[in-house]
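Structure first, commentary second.
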Amino acid sequence: MTPILSVRGLTQRYGTGCRECLSLTGARRESNRCPRCGSIVACREVSFDLFPGEVLGIVGESGSGKSTVVRLLHFDEEPLAGDYRLAVADAAGTGGGNLFALSPFARRRIRNEHMGIVYQNPRLGLRMKVSAGGNIAERLLLAGWRHVGRIRERASALLQQTEVPLPRMDEPPRNFSGGMQQRVQIAKALSTRPAVLLLDEVTTGLDVSVQAKVLDLIRSLQRELGIAMLVVSHDLGVIRLLTSRTIVMRHGEIIEEGLSDQILEDPQQPYTQLLVNSVL
Amino acid sequence: MKPIRPRRGSTLLPDGWRRALEGEGARYSWAFLDESAKREIRRRVLKAIAIPGCQVPFGSREMPIARGWGTGGLQLTLVLVGPGDVLKVIDQGSDDSVNAVNIKKFVRRVTGVATTTDTRQATLIQTRHRIPEEPLEAGQVLIFQVPIPEPLRLVEPSERETRRMHAEADYSRMWLYLYEDIVRYGEITVGARYPVMVNGRYLMDPSPIPRWDLPRLDRAENLFLFCAGREKRIYAVPPHTAVEPLSFEDFAFRVERFAGRRCRRCGSEASFLDEMIDDATGLRRWVCSDTSFCEKRRPGAPPPPAGGTPGDAR
């Protein structure tokens, strides 16, 4: 089976940088900060594949680089190095090449048409002053939809799917509760039927019952739509519930990967063992 | 070039200006601006024409009127005017408003060119917020005074961000604004400054002209130039360039409707009307916004030229 998303050698560094940055940092050096120049190597040589319909988890402590990976995959920032391919029908004339080499314009199109993202903080993913329907419409408008009636039809179908009460469609999300904002974000992410959905700490900051509802929604959407998902979380419960395969990151590096059950039941690396045993 | 002798006796000019313009041996540059300034601004105009709808920055000069009173339009007028030109200046369609009259006087003083109120005779028309009702011909140039050249300013305060949006043709925010307008009010409520796409590429602010005037920008015979003196931007719509107002398939763009009202002075039903309220009686009257068009149509005036009035087809 060919992967729908494949990443090779993804590296990102913040700071001035020096020649020894990469050799002086990483899991073996127990740090992601270069002792020579003080730069932070947020992720280094990250490579993985995501297969169609699969849910892949990325787990790790704060500062391990998991959110950086998601931001890079969503083109929110420029990587230092890396090769990124999406196997989608029409990758806007990319010819299956490295997406990082594309112009910002082409990248934005691919992002809009083939990717969806749900951030931990709804403020990043939603325009708080624009109505919930408008938030969904924004992606459709960028994709070239120019019929208000059809846009509203699609938006209300999505909001229904994500269990946002339809009478509140024309209200701005700042009037909504945290869980509802998160559901609007999910509806927005799904609006252009993306091939890949990126979920960055979706349930962090929600209370337990709302967490359960959001996770339930994501699981049922995954079952219905068969969409490939990348789930980033530090919460092992979320990883256990949603994912089939998991990557463990530390100091910007992948230190372990395998089936989620295997990682959670029989962790090989000392760090992963610590992580699994720290769950209350 | 013959040195110009401005008329004497103005009491409104500050001493410095009067000395420069009227004193013995007055030698102000022809058309006020120095030659290097004219050259620079002309180069910017050429660039603006080459990239229709794209805002080109330029070094806006200090003018003897305040920023925000048409310094952009005035600079373009002074840069483009030649001895054979005939100048018309309008302010919201009116030839007789204080601002229009003063700009006309100033240009005449520093160049000596002829001025007119007749749209057909003018070669150069400086305008604030209107396009004349009579169709313009090839060779005529319409110069707009622009307060805010950035159409995306409405949705994005950051200049860096709006430039990125123009560079990547990312206009979804503007579309979203119009969508929200429709959701809230059932129609697009933008009156003046209605955003338009120029040549299918750049989103452009047509300056605060009413929607009525927008169809006249599309594939016109003449050149349109826009200049914002305070914001230091020049942009252009060359002849025969497609200019399309943003609109949805099910919410089409439409111009103002006057519900069968006609001009009280000339009886026109096919021109943009201003509403006048009589302070004493509270009576509402509607008159043409374009005064020279209205004057031509009044009884006793010479008959309007053949070819129909603009707006008939719409």
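Letters A, B, ... go to the chains of the structure tokens in the order shown; residues in each chain start at 1; ligands are counted from 1 in the same order.
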
Next on the checklist: Write out as a ChimeraX atom specification the set of residues from range 58-163 of chain B that DSSP, computed on the backbone, places in helix (DSSP H, G or I).
Outcome noted: /B:71-80,98-111,151-154,159-163

Checklist entry - What are the residues of chain A that have an atom within 10 Å of an atom of chain B, counting only C-alpha atoms, as a PyMOL selection string? => result chain A and resi 103-106+108-109+130-131+133-152+170-171

Item to check | Test item, strand (DSSP E) assignment across range 7-246 of chain B, answer as a PyMOL selection string | outcome: chain B and resi 56-57+86-91+114-115+124-128+141-145+196-198+202-204+223-228+233-237+243-245

Keeping N, CA, C and O atoms, export the residues of the selection given above as a short mmCIF file (atom, residue, chain, number, x, y, z; two decimals), in the first residue's frame.
data_model
loop_
_atom_site.label_atom_id
_atom_site.label_comp_id
_atom_site.auth_asym_id
_atom_site.auth_seq_id
_atom_site.Cartn_x
_atom_site.Cartn_y
_atom_site.Cartn_z
N VAL B 56 1.35 50.73 -6.80
CA VAL B 56 2.77 51.03 -6.94
C VAL B 56 3.10 52.17 -5.98
O VAL B 56 2.47 53.23 -6.06
N PRO B 57 4.06 51.98 -5.08
CA PRO B 57 4.42 53.07 -4.17
C PRO B 57 5.18 54.17 -4.91
O PRO B 57 5.87 53.90 -5.88
N VAL B 86 -6.70 70.26 -21.86
CA VAL B 86 -7.86 70.96 -21.33
C VAL B 86 -8.27 70.23 -20.07
O VAL B 86 -8.51 69.03 -20.09
N LEU B 87 -8.34 70.94 -18.96
CA LEU B 87 -8.53 70.31 -17.66
C LEU B 87 -9.95 70.50 -17.14
O LEU B 87 -10.54 71.56 -17.29
N LYS B 88 -10.47 69.41 -16.56
CA LYS B 88 -11.75 69.48 -15.86
C LYS B 88 -11.53 68.88 -14.48
O LYS B 88 -10.84 67.85 -14.35
N VAL B 89 -12.06 69.51 -13.45
CA VAL B 89 -11.93 68.97 -12.10
C VAL B 89 -13.33 68.87 -11.50
O VAL B 89 -14.09 69.84 -11.54
N ILE B 90 -13.68 67.68 -10.99
CA ILE B 90 -14.99 67.54 -10.36
C ILE B 90 -14.84 66.97 -8.96
O ILE B 90 -13.88 66.26 -8.66
N ASP B 91 -15.77 67.30 -8.14
CA ASP B 91 -15.81 66.83 -6.76
C ASP B 91 -17.18 66.25 -6.55
O ASP B 91 -18.18 66.96 -6.56
N ALA B 114 -5.92 75.53 -20.43
CA ALA B 114 -7.34 75.86 -20.45
C ALA B 114 -8.10 74.92 -19.52
O ALA B 114 -7.72 73.76 -19.35
N THR B 115 -9.18 75.41 -18.93
CA THR B 115 -10.04 74.54 -18.12
C THR B 115 -11.43 74.57 -18.70
O THR B 115 -11.79 75.46 -19.47
N LEU B 124 -8.04 65.92 -19.73
CA LEU B 124 -7.57 65.45 -18.44
C LEU B 124 -8.66 65.78 -17.43
O LEU B 124 -9.09 66.93 -17.35
N ILE B 125 -9.14 64.78 -16.72
CA ILE B 125 -10.20 65.04 -15.74
C ILE B 125 -9.73 64.55 -14.39
O ILE B 125 -9.42 63.37 -14.23
N GLN B 126 -9.65 65.44 -13.43
CA GLN B 126 -9.37 65.01 -12.06
C GLN B 126 -10.69 64.91 -11.34
O GLN B 126 -11.53 65.81 -11.42
N THR B 127 -10.89 63.79 -10.62
CA THR B 127 -12.20 63.59 -10.01
C THR B 127 -12.09 63.08 -8.59
O THR B 127 -11.15 62.39 -8.23
N ARG B 128 -13.07 63.48 -7.81
CA ARG B 128 -13.19 62.95 -6.47
C ARG B 128 -14.50 62.18 -6.41
O ARG B 128 -15.58 62.75 -6.48
N VAL B 141 -8.04 61.05 -20.06
CA VAL B 141 -7.50 60.40 -18.87
C VAL B 141 -8.31 60.85 -17.66
O VAL B 141 -8.53 62.05 -17.48
N LEU B 142 -8.76 59.88 -16.88
CA LEU B 142 -9.50 60.20 -15.67
C LEU B 142 -8.61 59.92 -14.47
O LEU B 142 -8.10 58.81 -14.31
N ILE B 143 -8.41 60.93 -13.63
CA ILE B 143 -7.52 60.80 -12.48
C ILE B 143 -8.34 60.85 -11.20
O ILE B 143 -9.03 61.82 -10.94
N PHE B 144 -8.26 59.78 -10.42
CA PHE B 144 -9.05 59.70 -9.19
C PHE B 144 -8.23 60.13 -7.99
O PHE B 144 -7.07 59.76 -7.86
N GLN B 145 -8.86 60.88 -7.11
CA GLN B 145 -8.28 61.12 -5.78
C GLN B 145 -8.70 59.95 -4.91
O GLN B 145 -9.88 59.62 -4.84
N VAL B 196 -13.18 45.50 -6.55
CA VAL B 196 -13.27 44.95 -7.90
C VAL B 196 -12.00 44.15 -8.20
O VAL B 196 -10.94 44.40 -7.66
N MET B 197 -12.16 43.15 -9.08
CA MET B 197 -11.01 42.39 -9.58
C MET B 197 -10.60 43.02 -10.90
O MET B 197 -11.43 43.19 -11.80
N VAL B 198 -9.32 43.33 -11.04
CA VAL B 198 -8.84 43.95 -12.26
C VAL B 198 -8.05 42.91 -13.05
O VAL B 198 -7.12 42.29 -12.53
N TYR B 202 -5.66 41.31 -9.73
CA TYR B 202 -5.53 42.12 -8.52
C TYR B 202 -6.87 42.61 -8.02
O TYR B 202 -7.70 43.09 -8.81
N LEU B 203 -7.05 42.53 -6.70
CA LEU B 203 -8.21 43.15 -6.08
C LEU B 203 -7.89 44.64 -5.94
O LEU B 203 -6.79 44.99 -5.50
N MET B 204 -8.83 45.49 -6.35
CA MET B 204 -8.54 46.92 -6.38
C MET B 204 -9.64 47.72 -5.70
O MET B 204 -10.81 47.37 -5.79
N LEU B 223 -8.10 55.72 -20.22
CA LEU B 223 -7.22 55.31 -19.13
C LEU B 223 -7.73 55.87 -17.81
O LEU B 223 -8.10 57.05 -17.73
N PHE B 224 -7.74 55.03 -16.79
CA PHE B 224 -8.08 55.49 -15.44
C PHE B 224 -6.82 55.42 -14.58
O PHE B 224 -6.16 54.39 -14.53
N LEU B 225 -6.51 56.51 -13.90
CA LEU B 225 -5.37 56.51 -12.99
C LEU B 225 -5.86 56.84 -11.59
O LEU B 225 -6.76 57.68 -11.42
N PHE B 226 -5.29 56.17 -10.60
CA PHE B 226 -5.69 56.39 -9.21
C PHE B 226 -4.46 56.78 -8.42
O PHE B 226 -3.40 56.19 -8.59
N CYS B 227 -4.60 57.77 -7.56
CA CYS B 227 -3.44 58.16 -6.78
C CYS B 227 -3.85 58.59 -5.38
O CYS B 227 -4.75 59.41 -5.21
N ALA B 228 -3.19 58.01 -4.39
CA ALA B 228 -3.42 58.38 -3.00
C ALA B 228 -2.18 59.11 -2.49
O ALA B 228 -1.12 58.51 -2.37
N ARG B 233 0.44 55.83 -3.01
CA ARG B 233 0.25 54.70 -3.91
C ARG B 233 -0.38 55.19 -5.22
O ARG B 233 -1.26 56.04 -5.21
N ILE B 234 0.10 54.61 -6.33
CA ILE B 234 -0.49 54.87 -7.64
C ILE B 234 -0.94 53.54 -8.21
O ILE B 234 -0.24 52.54 -8.08
N TYR B 235 -2.14 53.49 -8.81
CA TYR B 235 -2.52 52.31 -9.56
C TYR B 235 -3.39 52.72 -10.74
O TYR B 235 -3.82 53.88 -10.82
N ALA B 236 -3.59 51.79 -11.66
CA ALA B 236 -4.20 52.19 -12.92
C ALA B 236 -5.08 51.10 -13.50
O ALA B 236 -4.90 49.92 -13.21
N VAL B 237 -6.07 51.53 -14.28
CA VAL B 237 -6.84 50.61 -15.11
C VAL B 237 -6.67 51.08 -16.55
O VAL B 237 -7.24 52.09 -16.93
N VAL B 243 -12.72 44.75 -15.59
CA VAL B 243 -12.88 45.13 -14.19
C VAL B 243 -14.19 44.53 -13.70
O VAL B 243 -15.26 44.90 -14.20
N GLU B 244 -14.09 43.58 -12.77
CA GLU B 244 -15.30 42.90 -12.33
C GLU B 244 -15.54 43.12 -10.85
O GLU B 244 -14.67 42.78 -10.04
N PRO B 245 -16.71 43.63 -10.47
CA PRO B 245 -17.03 43.73 -9.05
C PRO B 245 -17.16 42.32 -8.47
O PRO B 245 -17.66 41.42 -9.14
#

Next on the checklist: For Asp49 in chain A, find every residue with an atom within 8 Å (counting only C-alpha atoms), except residues of its own chain fewer than 2 positions away, and show them as a count of residues only.
Outcome noted: 7

Checklist entry - Taking only C-alpha atoms into account, which of B:Ser292, B:Gln92, B:Thr241, B:Gln140 comes nearest Pro210 in chain B? => result B:Gln92

Checklist entry - Rounded to one decimal in Å, what is the spacing between CA of Ala242 in chain B and CA of Pro52 in chain B? => result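 Distance reported for this atom pair: 9.6 Å.
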
Item to check | Selection near Lys38 in chain B, 10 Å with only C-alpha atoms, sequence-local residues under 3 positions removed, as JSON, numbers by chain | outcome: {"B": [31, 32, 33, 34, 35, 41, 42, 43, 44, 75, 76, 78, 79, 80]}

Residues of range 151-250 of chain A within 7 Å of range 63-86 of chain A: nearest atom pair and distance (Å, one decimal) for each, counting only C-alpha atoms, sorted by chain and number, as JSON lines?
{"residue": "A:Leu198", "atom": "CA", "partner": "A:Val70", "partner_atom": "CA", "distance": 7.0}
{"residue": "A:Asp200", "atom": "CA", "partner": "A:Ser67", "partner_atom": "CA", "distance": 6.7}
{"residue": "A:Val232", "atom": "CA", "partner": "A:Lys66", "partner_atom": "CA", "distance": 6.6}
{"residue": "A:Met249", "atom": "CA", "partner": "A:Ser64", "partner_atom": "CA", "distance": 5.9}
{"residue": "A:Arg250", "atom": "CA", "partner": "A:Ser64", "partner_atom": "CA", "distance": 4.7}

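When CA of Leu22 in chain A is paired with CA of Leu99 in chain A, their separation reads 23.4 Å.
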
Next on the checklist: At a cut-off of 7 Å, using only C-alpha atoms, what residues contact range 122-125 of chain A? Leave out same-chain residues fewer than 4 positions from it and give the result as number ranges by chain.
Outcome noted: A: 118, 181-182, 185

Item to check | Residue among B:Gln121, B:Thr116, B:Ser94, B:Asn199 lying closest to Cys288 in chain B, counting only C-alpha atoms | outcome: B:Ser94

Item to check | Nearby residues (only C-alpha atoms) at most 8 Å from Gln269 in chain A, same-chain spacing under 3 positions excluded, as an MDAnalysis selection string | outcome: chainID A and resid 255:256 272:273
